[in-house]
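Engineer: Below you will find the structure I want to go over with you.
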Amino acid sequence: MASVLPSRVPGVLGNTSLDQFDAVIIGSGAGGAAAARVLAVVGGWRVLVLEHGPNYFLGLDDPAPDMPRPLFSNDELKLSIRGFVAQDPLLEPRTFRTDDSSPARYHPDVNTMPKTVGGAAVHADMKYPRFNRVDFRMASELESKGVRYDGAAFADWPISYDELEPFYQEAERLSGVQGLAGSDPFASPRSAEYPMPPGLPMYVASVLSEGARSLGYHPFPYPGAHNSRFYRGRPPCNDCGFCSGYGCPNNSKGSPAVTTLREALLTGRCQVRYNAHATRLLHDGNGRVTSVEYIDDDGRTQRANGTVFLLAASAIESARLCLLSDLGNENGLVGRFLMFHAQTLGVGIYRQRLHGERGRSVTHGISDLRGVRPGGDEIDPNVPLGGIVEFGTNSEAISGALSALQAFELARLQNIPGLTLPKLIRANIFQGHIAVAIQQGEDAPYFHNRVDLDPQLKDVFGQPVPRITYRTGALERAARLFYGPKLVELHRAAGAEYGFLAPADNPPQTRHVLGTLRMGTRPEASVCDAWQRFHSVENLFAVDGSVFVTSSGYNPTLTIIALALRAAAKLVSPASPERVLGRDEPL
């Protein structure tokens with residue numbers, strides 16, 4: 001069927017002759033692309049993917065051995081300043097409040113995600129650690145250790161780490177993850193080595209790692225989906241420095257667009273319609289979705305029919321679509337237990353240059369401040385639940401200059417003699433001499449943190465916008481107070497001239513959006529079952545971060561992919577989902 005490729009129809013990738021579909025997936029990011037790959041490649045299903053954003057991967061469905069280059073570059077103005085892939089907050093706003101009694105107000109960025117074929121992972125720097133074994137039974141573990149966080153609604157996942165481990169391995173294979181097995185003493189067991197060895201360490205990572213070792217910590221190469229050699233048709237990373245917040249110009253970054261989604265498209269059994277904004281799930285009232293209503297690039301309302309439907313639009317947007325469709329919320333839990341990560345940033349200013357312009361944004365980190373014991377099987381009840389710590393710096397000259405301008409304004413108010421803006425910019429303090437230790441702290445699930453529909457504000461499509469209600473709780477405050485000084489101490493041990501904690505964001509800006517359609521065994525206490533199917537809708541599944549029961553203290557993307565692969569595998573091979581593992585052709 002590859003002879004029908006590539007598409008020449010505007011707004012469509014893949015086999016344009018397809019008009020009947022076994023599965024319709026809403027969202028082409030990490031979870032949606034992974035599910036599409038299993039269904040099309042291994043299952044032989046006809047798959048339609050609806051993507052809200054535009055397509056910057058011209059020729060993504062071209063089977064030529066040399067993959068076409070996307071419309072990305074190391075252009076700080078385009079990506080970081082002008083928001084090339086960003087959601088427009090005036091056309092698609094969100095509102096925010098800290099509790100139900102407060103009025104929700106327009107907010108330009110309530111953890112909005114990039115809009116593009118391939119989803120949010122396109123702009124990420126592809127940090128792909130696994131969760132710990134204890135993460136999947138955190139409620140039981142906290143209870144057994146006598147640890148309680150007021151207001152938190154921890155629950156055990158309906159699956160175990162051991163059940164997910166083969167799909168973790170498959171996610172690493174398909175994405176192309178580099179790493180070094182055994183280098184992190186806090187990691188849970190794995191059944192195989194990483195697909196690729198670690199690439200070169202960044203200089204900032206070497207500096208911070210030396211400080212971490214002096215404190216008894218265990219720095220290790222951060223697992224990441226960047227090629228360290230030629231892998232599955234893509235070149236090795238050239239360490240250009242523009243990784244976090246940037247699409248990869250040479251496809252060495254294993255984003256969903258150029259890995260799982262492309263493989264699905266090249267079967268001839270997958271079609272992607274982009275600039276397609278899903279507005280409603282239509283259902284028959286008997287527990288089945290019949291079609292998706294969406295608005296195309298010309299502003300026309302269209303319908304897409306299918307047999308099975310999968311939500312992969314992100315935790316906020318998937319929950320919003322359910323609420324707009326009056327679907328799956330019989331127990332009132334749709335949108336509840338929204339989680340971000342409670343990031344704590346320790347900042348150090350160093351005398352020497354740290355060369356963020358070379359590398360992959362983050363190449364090393366530590367798990368010593370996660371709050372689990374070595375091996376990842378149990379928590380340490382003597383410390384708060386924390387998170388993995390990333391060693392990073394700044395590669396962006398323009399943002400460094402903007403920070404220098406802010407510092408100059410403060411200095412001018414204090415009449416510091418001889419200090420000029422050109423001197424501050426030439427000193428390059430806020431780019432070349434700054435390092436950051438970023439903790440991805442556990443964000444507990446709270447019933448009051450949620451997504452619902454704003455009763456007043458509508459978006460450009462005439463739909464109620466997401467209203468986010470969110471505030472941090474006892475766990476997040478305890479972790480910041482306990483681990484924040486340790487991050488500053490790490491900088492001091494690494495030789496920083498100055499160290500301090502960055503202010504906490506509110507709302508958080510982690511781009512890690514989780515919960516809202518949590519999975520579980522009991523329909524009265526969860527939205528989806530252990531295979532991510534809605535309890536009350538027999539042909540509707542969620543394959544993004546919305547199904548997470550807890551947030552863990554690790555970057556979530558690899559877990560999203562592994563869960564999506566597992567859910568799709570159950571659809572393709574109900575009796576033995578593991579049959580899909582390692583397959584690059586239909587069953």
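Each chain in the structure tokens gets a letter, A, B, ..., in the order shown, and its residues are numbered from 1; ligands are numbered from 1 in order too.
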So which residues touch Gly441 in chain A within 7 Å, counting only C-alpha atoms, skipping near sequence neighbours fewer than 6 positions away, as a short mmCIF file (atom, residue, chain, number, x, y, z; two decimals) with N, CA, C and O atoms, in the first residue's frame?

Structural biologist:
data_model
loop_
_atom_site.label_atom_id
_atom_site.label_comp_id
_atom_site.auth_asym_id
_atom_site.auth_seq_id
_atom_site.Cartn_x
_atom_site.Cartn_y
_atom_site.Cartn_z
N HIS A 341 3.89 18.69 37.94
CA HIS A 341 5.00 18.36 38.82
C HIS A 341 5.39 19.60 39.62
O HIS A 341 5.39 20.71 39.08
N ALA A 342 5.66 19.39 40.88
CA ALA A 342 6.02 20.50 41.77
C ALA A 342 7.51 20.78 41.63
O ALA A 342 8.32 20.31 42.42
N GLN A 343 7.88 21.53 40.63
CA GLN A 343 9.30 21.77 40.36
C GLN A 343 9.91 22.70 41.41
O GLN A 343 9.32 23.72 41.77
N GLY A 386 10.12 13.37 46.94
CA GLY A 386 10.69 14.43 46.11
C GLY A 386 10.64 14.05 44.65
O GLY A 386 9.61 13.62 44.13
N GLY A 387 11.78 14.17 43.97
CA GLY A 387 11.80 13.84 42.55
C GLY A 387 13.20 13.82 42.00
O GLY A 387 14.17 14.28 42.63
N GLY A 553 7.85 11.10 40.67
CA GLY A 553 8.81 12.19 40.69
C GLY A 553 9.76 12.10 39.51
O GLY A 553 10.94 12.45 39.64
#

Engineer: Quick check for you: according to DSSP on this backbone, which residues of range 44-234 of chain A are classed as strand (DSSP E or B)? Reply as number ranges by chain.

Structural biologist: A: 47-50, 94-97, 105-107, 127, 178, 196, 220-221, 224, 226, 231, 234

Engineer: Per DSSP on the backbone, what are the alpha helix (DSSP H) residues of range 79-314 of chain A, as a PyMOL selection string?

Structural biologist: chain A and resi 138-145+161-175+203-214+260-265

Engineer: Might you pull out every residue within 9 Å of range 113-121 of chain A, with only C-alpha atoms counted and same-chain residues fewer than 4 positions away left off, and present them as a ChimeraX atom specification?

Structural biologist: /A:27-30,32-33,51-57,83-87,125-126,247,254-258,261,272,274-275,313-314,511,557

Engineer: Please determine, counting only C-alpha atoms, which residue among A:Arg351, A:Arg300, A:Lys570, A:His123 has the shortest atom-to-atom distance to His433 in chain A.

Structural biologist: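 So, comparing all the options, the nearest one is A:Arg351.
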
Engineer: So that I can check the surroundings of Gly356 in chain A, please list as a PyMOL selection string every protein, DNA and RNA residue that reaches within 8 Å of it, counting only C-alpha atoms and ignoring chain neighbours fewer than 3 positions away.

Structural biologist: chain A and resi 202-204+241+359+361+392-395+431-432

Engineer: Save out the residues we just selected, all heavy atoms, as an mmCIF file, in the first residue's frame.

Structural biologist:
data_model
loop_
_atom_site.group_PDB
_atom_site.id
_atom_site.type_symbol
_atom_site.label_atom_id
_atom_site.label_comp_id
_atom_site.auth_asym_id
_atom_site.auth_seq_id
_atom_site.Cartn_x
_atom_site.Cartn_y
_atom_site.Cartn_z
ATOM 1 N N MET A 202 27.389 16.979 28.835
ATOM 2 C CA MET A 202 27.574 18.425 28.762
ATOM 3 C C MET A 202 28.564 18.855 29.844
ATOM 4 O O MET A 202 28.696 18.211 30.894
ATOM 5 C CB MET A 202 26.241 19.140 28.960
ATOM 6 C CG MET A 202 25.242 18.903 27.844
ATOM 7 S SD MET A 202 23.660 19.727 28.119
ATOM 8 C CE MET A 202 24.131 21.453 27.914
ATOM 9 N N TYR A 203 29.238 19.985 29.590
ATOM 10 C CA TYR A 203 30.203 20.465 30.573
ATOM 11 C C TYR A 203 29.517 20.805 31.891
ATOM 12 O O TYR A 203 30.023 20.484 32.972
ATOM 13 C CB TYR A 203 30.948 21.680 30.027
ATOM 14 C CG TYR A 203 31.929 22.273 31.022
ATOM 15 C CD1 TYR A 203 33.039 21.545 31.436
ATOM 16 C CD2 TYR A 203 31.727 23.533 31.563
ATOM 17 C CE1 TYR A 203 33.933 22.070 32.355
ATOM 18 C CE2 TYR A 203 32.608 24.071 32.481
ATOM 19 C CZ TYR A 203 33.712 23.332 32.879
ATOM 20 O OH TYR A 203 34.590 23.847 33.795
ATOM 21 N N VAL A 204 28.344 21.436 31.819
ATOM 22 C CA VAL A 204 27.632 21.780 33.051
ATOM 23 C C VAL A 204 27.300 20.528 33.857
ATOM 24 O O VAL A 204 27.321 20.553 35.096
ATOM 25 C CB VAL A 204 26.350 22.577 32.738
ATOM 26 C CG1 VAL A 204 25.315 21.729 32.011
ATOM 27 C CG2 VAL A 204 25.733 23.139 34.016
ATOM 28 N N GLY A 241 22.675 22.159 21.188
ATOM 29 C CA GLY A 241 22.327 23.023 22.313
ATOM 30 C C GLY A 241 20.874 23.430 22.363
ATOM 31 O O GLY A 241 20.334 23.652 23.437
ATOM 32 N N GLY A 359 25.209 20.612 23.618
ATOM 33 C CA GLY A 359 24.636 19.519 24.389
ATOM 34 C C GLY A 359 23.160 19.336 24.110
ATOM 35 O O GLY A 359 22.615 19.875 23.149
ATOM 36 N N SER A 361 20.579 19.887 26.410
ATOM 37 C CA SER A 361 19.866 20.560 27.510
ATOM 38 C C SER A 361 20.107 19.883 28.845
ATOM 39 O O SER A 361 20.453 20.538 29.831
ATOM 40 C CB SER A 361 18.368 20.675 27.242
ATOM 41 O OG SER A 361 18.112 21.520 26.139
ATOM 42 N N GLY A 392 21.052 21.224 34.394
ATOM 43 C CA GLY A 392 20.899 21.953 33.143
ATOM 44 C C GLY A 392 21.488 23.342 33.196
ATOM 45 O O GLY A 392 22.028 23.788 34.205
ATOM 46 N N THR A 393 21.368 24.038 32.072
ATOM 47 C CA THR A 393 21.820 25.416 31.972
ATOM 48 C C THR A 393 21.017 26.090 30.865
ATOM 49 O O THR A 393 19.966 25.583 30.467
ATOM 50 C CB THR A 393 23.340 25.482 31.702
ATOM 51 O OG1 THR A 393 23.750 26.850 31.653
ATOM 52 C CG2 THR A 393 23.725 24.803 30.410
ATOM 53 N N ASN A 394 21.479 27.208 30.371
ATOM 54 C CA ASN A 394 20.734 27.992 29.395
ATOM 55 C C ASN A 394 21.518 28.070 28.089
ATOM 56 O O ASN A 394 22.699 28.422 28.090
ATOM 57 C CB ASN A 394 20.485 29.402 29.952
ATOM 58 C CG ASN A 394 19.690 30.276 29.004
ATOM 59 O OD1 ASN A 394 19.100 29.798 28.047
ATOM 60 N ND2 ASN A 394 19.678 31.568 29.261
ATOM 61 N N SER A 395 20.842 27.745 26.974
ATOM 62 C CA SER A 395 21.497 27.828 25.669
ATOM 63 C C SER A 395 21.065 29.066 24.899
ATOM 64 O O SER A 395 21.543 29.292 23.782
ATOM 65 C CB SER A 395 21.162 26.581 24.835
ATOM 66 O OG SER A 395 19.776 26.544 24.533
ATOM 67 N N GLN A 431 23.351 33.493 30.743
ATOM 68 C CA GLN A 431 23.392 32.378 29.803
ATOM 69 C C GLN A 431 24.626 31.521 30.054
ATOM 70 O O GLN A 431 24.524 30.371 30.451
ATOM 71 C CB GLN A 431 23.393 32.861 28.356
ATOM 72 C CG GLN A 431 23.400 31.692 27.367
ATOM 73 C CD GLN A 431 23.932 32.066 25.999
ATOM 74 O OE1 GLN A 431 24.286 33.209 25.751
ATOM 75 N NE2 GLN A 431 24.017 31.100 25.112
ATOM 76 N N GLY A 432 25.775 32.078 29.890
ATOM 77 C CA GLY A 432 26.995 31.281 29.924
ATOM 78 C C GLY A 432 27.469 30.882 31.302
ATOM 79 O O GLY A 432 28.281 29.965 31.429
#

Engineer: Give me, please, the distance in Å between CA of Ala502 in chain A and CA of Leu385 in chain A, quoted to one decimal.

Structural biologist: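 One can read the CA of Ala502 in chain A to CA of Leu385 in chain A distance as 19.8 Å.
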
Engineer: Could I get the residues of range 77-177 of chain A with an atom no further than 12 Å from an atom of range 36-44 of chain A, each paired with its nearest atom pair and that distance in Å to one decimal, using only C-alpha atoms, sorted by chain and residue number, as a tab-separated table?

Structural biologist:
residue	atom	partner	partner_atom	distance
A:Gly118	CA	A:Ala36	CA	11.7
A:Phe167	CA	A:Val38	CA	11.6
A:Glu170	CA	A:Val38	CA	10.9
A:Ala171	CA	A:Val38	CA	11.2
A:Leu174	CA	A:Arg37	CA	9.7
A:Ser175	CA	A:Arg37	CA	11.7

Engineer: Give me, as an MDAnalysis selection string, all polymer residues having an atom no more than 7 Å from range 15-23 of chain A, counting only C-alpha atoms and skipping those fewer than 6 positions away in the same chain.

Structural biologist: chainID A and resid 4:5 7 45:48 268:271 305:309

Engineer: Just the residues within 12 Å of Leu490 in chain A, please, counting only C-alpha atoms, with nothing from its chain fewer than 4 positions along; format it as a PyMOL selection string.

Structural biologist: chain A and resi 207-217+219+345-348+365-366+368-369+389+391+435-438+483-486+494-496+498-501

Engineer: Taking only C-alpha atoms into account, which of A:Leu77, A:Val49, A:Leu142, A:Ala542 comes nearest Tyr294 in chain A?

Structural biologist: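 Comparing A:Leu77, A:Val49, A:Leu142, A:Ala542 against Tyr294 in chain A, the winner is A:Val49.
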
Engineer: Closest to Gly545 in chain A among A:Gly31, A:Pro103, A:Pro6, A:Pro197, using only C-alpha atoms?

Structural biologist: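 Among the listed residues, the smallest separation from Gly545 in chain A belongs to A:Gly31.
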